[in-house]
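**Student:** My questions will all concern the structure given below.
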Amino acid sequence: MQTAEHILQAMRKMGEKRTPLERAYRSLFSEDLFLAAYGKIARNKGALTAGSDERDTVDGMSLERIRKVIEELRNERFRFHPTRRIRVPKKSGGERPLGIPNFTDKLVQEALRQVLEAYYEPRFRNSSHGFRAKRGCQTALAAMKYKFKGATWFIEGDIRGCFDHIDHQVLMEILARDIKDGRLLNLIRMGLEAGYMEEWEYNRTYSGTPQGGILSPLLANIYMNELDSFIEDVLIPQYSRGEKRAENPEYKRLQCAVTQARKKGDVKKAKEIEFQRRHVPSQNVYDPNYRRLQYIRCADDFILCFIGTKAEAEAIKEAIGTFLREKLHLELSPTKTLITHARTGYARFVGYALSVYNADDKLSPRQGTRIKLRSQSGHVRFGIPFGKVDELITRYMENGKVTHDNSLLKFTDATIVNIYQQRFRGLAEFYKYTTDRRRLQKLKYYMEIALTKTLACKHKTSVKSIYRKYASRREVDGHSYKVLAVEIPGSQGKQYAYWGGISLKRVDVGQGYLIDRAVKDELPQPTKLELIRRLQANRCELCGSTEKCEVHHVRKLVDIKRQWRNREKPAWVERMLQIRRRTLVVCEECHHEIHS
């Protein structure tokens, strides 16, 4: 049987050549492909979370279990089970339904995802950045930096309940255009129509891909690729014309006046006209023979920039809405689909506020010359959305004052400091491309008060004494910062948990990314993990038996340490702590004793 790497390489070549996918169902008979899928999802935190069947989790994984699934697929007896549905609150209000599949279903979905992703990835457009290998918010922002230069209008697009309203029939028709394998199509259809359990009641699914399913993001991208193709192949050619804008007659007149004044030796007058010229665009911004339309999508959110009239921007928005409604049976959200003037307003995309600079006074020399140009005008500005910092601060407020966090009082000082540091670092990293990143200093100020109040409450002392105890300085990248340093107990040597020491300087958004390259990014190839090698060795790591070996999983090693801290540790605990792994390959008998 071929290895997973050979299978995915063959699928990718078929995708690059636009060859129909035939007899792909047989690739699911590869044990190596399922081992790669297991290695991928076993590391996830939710691998031990049960779906509709409490017994079907990653714990107890074995080669025999994989072979049983392959045999069911070979005989076309495999059936997906209903997912367990839970609801999580949205920030904007309401609830988002999430489906939790059984582990066996996750395993088959991951194997399917690897095959389909290898085939479809070369076919996706460069404008798509969500749920793709080596792509995401950062590559979307980098693309905007170069594509959206000089934008007049931003057209924000948001599809109402995209994942929940994907039409199964339309999706299957899209897949059937490229996949000429009835068994593979039938397996995908059964996964879509498996239904869900909520409050112990079974419900059928007539549309949508379950949020939380491993295969759902890829199927959504395949579905939304139709929109990408429509915009890039129909709308962009229709609303793009002209090589460059015509020259502005007023700017040209002032330029001639500057030349004449300098010839006459009137330097003062020349400078006055130059200052006047600086506030006049060099090109005709209302040129009717010049139009540009650019497009970027990240998951179900998309944004277009348009150089033209607002009436044309409205027509583009209407054309997209009509296509989604008639071809994909989706609706645009009226409250989130907006047309914004790029220089006077701002649009929101992937959590950033986007606008276009209009700075006539910002001058810098052209590279290699002494000629100064308006270097900022027309460039895209990335900012933190208005009111976002104050919204983040409210998490640490109560009755108008900063308060401590009662839920953290049970942890050590080092853990509390580390939790606050991780929260702030995550936000600082997310907004590292914003021009006004230093606005996060206000959030840091309030978070530091909440942190010191939490530590003071834990020790029943004052905030001043906390500063006296933990205040320190730390050097990071050549800069010295005031920090709070707490020694981590039980560590070998002196190790500290720090609060502070995070730079808030803006980072160049295009750093490290290449946009619209001719050759697509290579997909990450499956690698042979240590866990897979241990499982394939088929030897119990406790008693040495080679019969019916399976893998015992725990969520966190720290939970094991805490549970057996003041008790005599059994052999399996000693072994897991010794190898510092959350998994242990054991025989069936030893596994039964562990759970007993």
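Identifiers in the structure tokens: chain A, B, ... in order shown; residue index from 1 per chain; ligand index from 1 in order shown.
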So that I can check the surroundings of region 265-276 of chain A, please list as a ChimeraX atom specification every protein, DNA and RNA residue that reaches within 8 Å of it, counting only C-alpha atoms and ignoring chain neighbours fewer than 5 positions away.

**Tutor:** /A:254-255,257-259

**Student:** Just the selected residues (C-alpha atoms), exported as a PDB file, in the first residue's frame, please.

**Tutor:**
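This went into again.pdb:
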ATOM      1  CA  LEU A 254       1.158  74.618 -11.270  1.00  0.00           C
ATOM      2  CA  GLN A 255       4.230  72.623 -12.257  1.00  0.00           C
ATOM      3  CA  ALA A 257       4.295  77.964 -12.980  1.00  0.00           C
ATOM      4  CA  VAL A 258       7.026  76.675 -10.625  1.00  0.00           C
ATOM      5  CA  THR A 259       9.394  76.243 -13.572  1.00  0.00           C
TER       6      THR A 259
END

**Student:** Which residues in region 404-517 of chain A does DSSP call alpha helix (DSSP H)? List them as a PyMOL selection string.

**Tutor:** chain A and resi 413-430+440-459+463-470

**Student:** For Val115 (chain A), work out the shell of residues within 10 Å, counting only C-alpha atoms and skipping chain neighbours fewer than 4 positions away, then give it as a PyMOL selection string.

**Tutor:** chain A and resi 4+7-12+24-25+27-28+33+109-111+119-120

**Student:** For Glu173 (chain A), work out the shell of residues within 12 Å, counting only C-alpha atoms and skipping chain neighbours fewer than 5 positions away, then give it as a list in words.

**Tutor:**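 In the requested format, the answer is Asp167, His168, Asp178, Ile179, Lys180, Leu185, Arg189, Ile222, Tyr223, Glu226, Lys327 and Leu328 of chain A.
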
**Student:** Just to be explicit: take each residue in the selection above, keep all heavy atoms, and write the result as a CSV table (one decimal), in the first residue's frame.

**Tutor:**
chain,number,residue,atom,x,y,z
A,167,ASP,N,-25.9,25.0,0.9
A,167,ASP,CA,-26.9,24.1,0.3
A,167,ASP,C,-26.2,22.8,-0.1
A,167,ASP,O,-25.3,22.8,-0.9
A,167,ASP,CB,-27.5,24.8,-1.0
A,167,ASP,CG,-28.7,24.0,-1.5
A,167,ASP,OD1,-28.5,22.9,-2.1
A,167,ASP,OD2,-29.8,24.5,-1.3
A,168,HIS,N,-26.7,21.7,0.5
A,168,HIS,CA,-26.1,20.4,0.2
A,168,HIS,C,-26.1,20.0,-1.3
A,168,HIS,O,-25.1,19.5,-1.8
A,168,HIS,CB,-26.8,19.3,1.1
A,168,HIS,CG,-26.5,19.4,2.5
A,168,HIS,ND1,-27.1,18.6,3.5
A,168,HIS,CD2,-25.6,20.2,3.2
A,168,HIS,CE1,-26.7,19.0,4.7
A,168,HIS,NE2,-25.8,19.9,4.5
A,178,ASP,N,-15.8,17.8,-10.4
A,178,ASP,CA,-14.4,17.5,-10.4
A,178,ASP,C,-14.1,16.0,-9.9
A,178,ASP,O,-13.1,15.4,-10.3
A,178,ASP,CB,-13.6,18.4,-9.5
A,178,ASP,CG,-13.8,19.9,-9.9
A,178,ASP,OD1,-13.6,20.2,-11.1
A,178,ASP,OD2,-14.1,20.7,-9.0
A,179,ILE,N,-15.0,15.5,-9.1
A,179,ILE,CA,-14.8,14.2,-8.5
A,179,ILE,C,-15.7,13.2,-9.3
A,179,ILE,O,-17.0,13.2,-9.2
A,179,ILE,CB,-15.2,14.1,-7.0
A,179,ILE,CG1,-14.3,15.1,-6.2
A,179,ILE,CG2,-15.0,12.7,-6.4
A,179,ILE,CD1,-14.6,15.3,-4.8
A,180,LYS,N,-15.1,12.3,-10.0
A,180,LYS,CA,-15.8,11.2,-10.7
A,180,LYS,C,-15.7,9.9,-10.0
A,180,LYS,O,-15.3,8.9,-10.5
A,180,LYS,CB,-15.3,11.1,-12.1
A,180,LYS,CG,-15.2,12.4,-12.9
A,180,LYS,CD,-16.6,13.1,-13.0
A,180,LYS,CE,-16.4,14.4,-13.8
A,180,LYS,NZ,-17.7,15.1,-13.9
A,185,LEU,N,-18.2,10.5,-3.3
A,185,LEU,CA,-19.2,11.5,-3.2
A,185,LEU,C,-20.3,11.1,-2.2
A,185,LEU,O,-20.8,11.9,-1.4
A,185,LEU,CB,-19.9,11.8,-4.5
A,185,LEU,CG,-19.0,12.5,-5.6
A,185,LEU,CD1,-19.7,12.5,-6.9
A,185,LEU,CD2,-18.7,13.9,-5.1
A,189,ARG,N,-21.6,12.9,1.2
A,189,ARG,CA,-23.0,13.2,1.4
A,189,ARG,C,-23.5,12.7,2.7
A,189,ARG,O,-24.3,13.4,3.5
A,189,ARG,CB,-23.8,12.7,0.3
A,189,ARG,CG,-25.3,13.0,0.3
A,189,ARG,CD,-26.1,12.3,-0.7
A,189,ARG,NE,-25.8,12.8,-2.0
A,189,ARG,CZ,-26.4,13.9,-2.6
A,189,ARG,NH1,-27.3,14.5,-1.9
A,189,ARG,NH2,-26.0,14.2,-3.8
A,222,ILE,N,-14.4,25.2,-0.7
A,222,ILE,CA,-14.8,24.7,-2.1
A,222,ILE,C,-16.0,25.4,-2.5
A,222,ILE,O,-16.2,25.7,-3.7
A,222,ILE,CB,-15.0,23.1,-2.0
A,222,ILE,CG1,-13.6,22.5,-1.7
A,222,ILE,CG2,-15.5,22.6,-3.3
A,222,ILE,CD1,-13.7,21.0,-1.4
A,223,TYR,N,-17.0,25.5,-1.6
A,223,TYR,CA,-18.3,26.2,-1.9
A,223,TYR,C,-18.0,27.7,-2.3
A,223,TYR,O,-18.5,28.2,-3.3
A,223,TYR,CB,-19.2,26.1,-0.7
A,223,TYR,CG,-20.6,26.3,-1.0
A,223,TYR,CD1,-21.4,25.3,-1.6
A,223,TYR,CD2,-21.3,27.5,-0.6
A,223,TYR,CE1,-22.8,25.5,-1.8
A,223,TYR,CE2,-22.6,27.7,-0.8
A,223,TYR,CZ,-23.4,26.6,-1.4
A,223,TYR,OH,-24.7,26.8,-1.7
A,226,GLU,N,-16.6,29.3,-5.7
A,226,GLU,CA,-17.4,29.7,-6.8
A,226,GLU,C,-17.6,31.3,-6.8
A,226,GLU,O,-17.6,31.9,-7.8
A,226,GLU,CB,-18.8,29.1,-6.6
A,226,GLU,CG,-18.8,27.6,-6.7
A,226,GLU,CD,-18.3,27.1,-8.0
A,226,GLU,OE1,-18.9,27.4,-9.0
A,226,GLU,OE2,-17.3,26.3,-8.0
A,327,LYS,N,-27.1,31.5,-7.2
A,327,LYS,CA,-26.3,30.4,-7.5
A,327,LYS,C,-25.9,29.6,-6.3
A,327,LYS,O,-25.8,28.4,-6.4
A,327,LYS,CB,-25.0,30.9,-8.2
A,327,LYS,CG,-25.2,31.7,-9.5
A,327,LYS,CD,-25.8,30.8,-10.6
A,327,LYS,CE,-25.9,31.5,-11.9
A,327,LYS,NZ,-26.5,30.7,-13.0
A,328,LEU,N,-25.7,30.3,-5.2
A,328,LEU,CA,-25.2,29.6,-4.0
A,328,LEU,C,-26.3,29.5,-2.9
A,328,LEU,O,-26.0,28.9,-1.8
A,328,LEU,CB,-23.9,30.2,-3.4
A,328,LEU,CG,-22.7,30.2,-4.4
A,328,LEU,CD1,-21.5,30.9,-3.7
A,328,LEU,CD2,-22.4,28.8,-4.8

**Student:** Please list as a list of chain:residue names every residue within 6 Å of region 285-294 of chain A, counting only C-alpha atoms and excluding residues in the same chain fewer than 3 positions away.

**Tutor:**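 The contact residues come out as A:Ile236, A:Ser240, A:Arg241, A:Gly242, A:Arg245, A:Leu304, A:Cys305, A:Phe306, A:Ile307, A:Gly308.
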
**Student:** Can you pull out every residue within 8 Å of region 198-201 of chain A, counting only C-alpha atoms, but drop anything in the same chain fewer than 2 positions away, and send it as a list in words?

**Tutor:**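 Residues meeting the cut-off are Arg84, Arg85, Ile86, Tyr196 and Asn203 of chain A.
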
**Student:** Would you mind listing what lies within 10 Å of Glu550 (chain A) as a short mmCIF file (atom, residue, chain, number, x, y, z; two decimals) with N, CA, C and O atoms, in the first residue's frame, with only C-alpha atoms counted and same-chain residues fewer than 3 positions away left out?

**Tutor:**
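Once written, part_7.cif looks like this:
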data_model
loop_
_atom_site.label_atom_id
_atom_site.label_comp_id
_atom_site.auth_asym_id
_atom_site.auth_seq_id
_atom_site.Cartn_x
_atom_site.Cartn_y
_atom_site.Cartn_z
N ASP A 59 -8.91 7.94 23.33
CA ASP A 59 -8.34 7.00 24.29
C ASP A 59 -8.63 5.56 23.83
O ASP A 59 -9.75 5.22 23.49
N GLY A 60 -7.60 4.75 23.83
CA GLY A 60 -7.76 3.37 23.38
C GLY A 60 -7.50 3.18 21.90
O GLY A 60 -7.89 2.16 21.32
N MET A 61 -6.84 4.17 21.27
CA MET A 61 -6.55 4.07 19.84
C MET A 61 -5.58 2.93 19.59
O MET A 61 -4.63 2.73 20.34
N SER A 62 -5.81 2.18 18.50
CA SER A 62 -4.96 1.03 18.19
C SER A 62 -4.95 0.80 16.68
O SER A 62 -5.79 1.31 15.94
N LEU A 63 -3.98 0.01 16.24
CA LEU A 63 -3.92 -0.37 14.83
C LEU A 63 -5.15 -1.19 14.44
O LEU A 63 -5.65 -1.08 13.33
N GLU A 64 -5.62 -2.00 15.37
CA GLU A 64 -6.79 -2.82 15.11
C GLU A 64 -8.02 -1.95 14.86
O GLU A 64 -8.86 -2.25 14.00
N ARG A 65 -8.11 -0.86 15.57
CA ARG A 65 -9.24 0.06 15.41
C ARG A 65 -9.21 0.72 14.02
O ARG A 65 -10.24 0.87 13.38
N LEU A 535 3.30 3.35 18.43
CA LEU A 535 2.11 2.51 18.22
C LEU A 535 2.42 1.36 17.26
O LEU A 535 2.00 0.22 17.48
N GLN A 536 3.19 1.66 16.19
CA GLN A 536 3.52 0.62 15.22
C GLN A 536 4.48 -0.42 15.80
O GLN A 536 4.52 -1.56 15.32
N ASN A 538 4.04 -1.79 18.55
CA ASN A 538 3.11 -2.79 19.10
C ASN A 538 3.70 -3.51 20.31
O ASN A 538 3.66 -4.74 20.41
N ARG A 539 4.20 -2.72 21.25
CA ARG A 539 4.80 -3.29 22.46
C ARG A 539 4.34 -2.47 23.66
O ARG A 539 4.48 -1.25 23.68
N CYS A 540 3.79 -3.15 24.67
CA CYS A 540 3.31 -2.48 25.88
C CYS A 540 4.49 -1.85 26.61
O CYS A 540 5.49 -2.52 26.89
N GLU A 547 0.58 -8.05 22.47
CA GLU A 547 -0.77 -8.45 22.06
C GLU A 547 -1.77 -7.33 22.36
O GLU A 547 -1.82 -6.82 23.47
N HIS A 553 -4.52 7.91 26.63
CA HIS A 553 -4.36 9.36 26.52
C HIS A 553 -4.82 10.05 27.80
O HIS A 553 -5.79 9.62 28.43
N LEU A 584 0.58 6.83 26.37
CA LEU A 584 1.29 5.64 26.82
C LEU A 584 0.75 4.45 26.04
O LEU A 584 -0.46 4.20 26.05
N VAL A 585 1.62 3.75 25.33
CA VAL A 585 1.21 2.55 24.58
C VAL A 585 1.21 1.37 25.53
O VAL A 585 2.25 1.02 26.11
N VAL A 586 0.03 0.79 25.72
CA VAL A 586 -0.13 -0.31 26.68
C VAL A 586 -0.96 -1.41 26.05
O VAL A 586 -1.66 -1.20 25.05
N CYS A 587 -0.88 -2.61 26.64
CA CYS A 587 -1.72 -3.71 26.17
C CYS A 587 -3.14 -3.53 26.74
O CYS A 587 -3.37 -2.70 27.62
N GLU A 588 -4.05 -4.32 26.23
CA GLU A 588 -5.46 -4.17 26.63
C GLU A 588 -5.65 -4.41 28.12
O GLU A 588 -6.41 -3.72 28.80
N CYS A 590 -3.36 -4.02 30.61
CA CYS A 590 -2.81 -2.90 31.38
C CYS A 590 -3.70 -1.66 31.27
O CYS A 590 -3.87 -0.92 32.25
N HIS A 591 -4.27 -1.44 30.10
CA HIS A 591 -5.16 -0.29 29.91
C HIS A 591 -6.40 -0.42 30.79
O HIS A 591 -6.88 0.56 31.37
#

**Student:** Out of region 231-475 of chain A, which residues get strand (DSSP E or B) from DSSP, as number ranges by chain?

**Tutor:** A: 241, 247, 283, 291-298, 301-307, 332, 339-341, 347-349, 352-356, 363-365, 372-374, 380-383, 397-398, 401-402, 471-475

**Student:** When you count only C-alpha atoms, which of these residues is closest to Thr205 (chain A): A:Ala311, A:Asp56, A:Ser355, A:Thr83?

**Tutor:**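 When distances to Thr205 (chain A) are compared using only C-alpha atoms, the smallest one comes from A:Thr83.
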
**Student:** Quick one, how far is CA of Val558 (chain A) from CA of Val573 (chain A)?

**Tutor:**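 It comes out at 11.5 Å.
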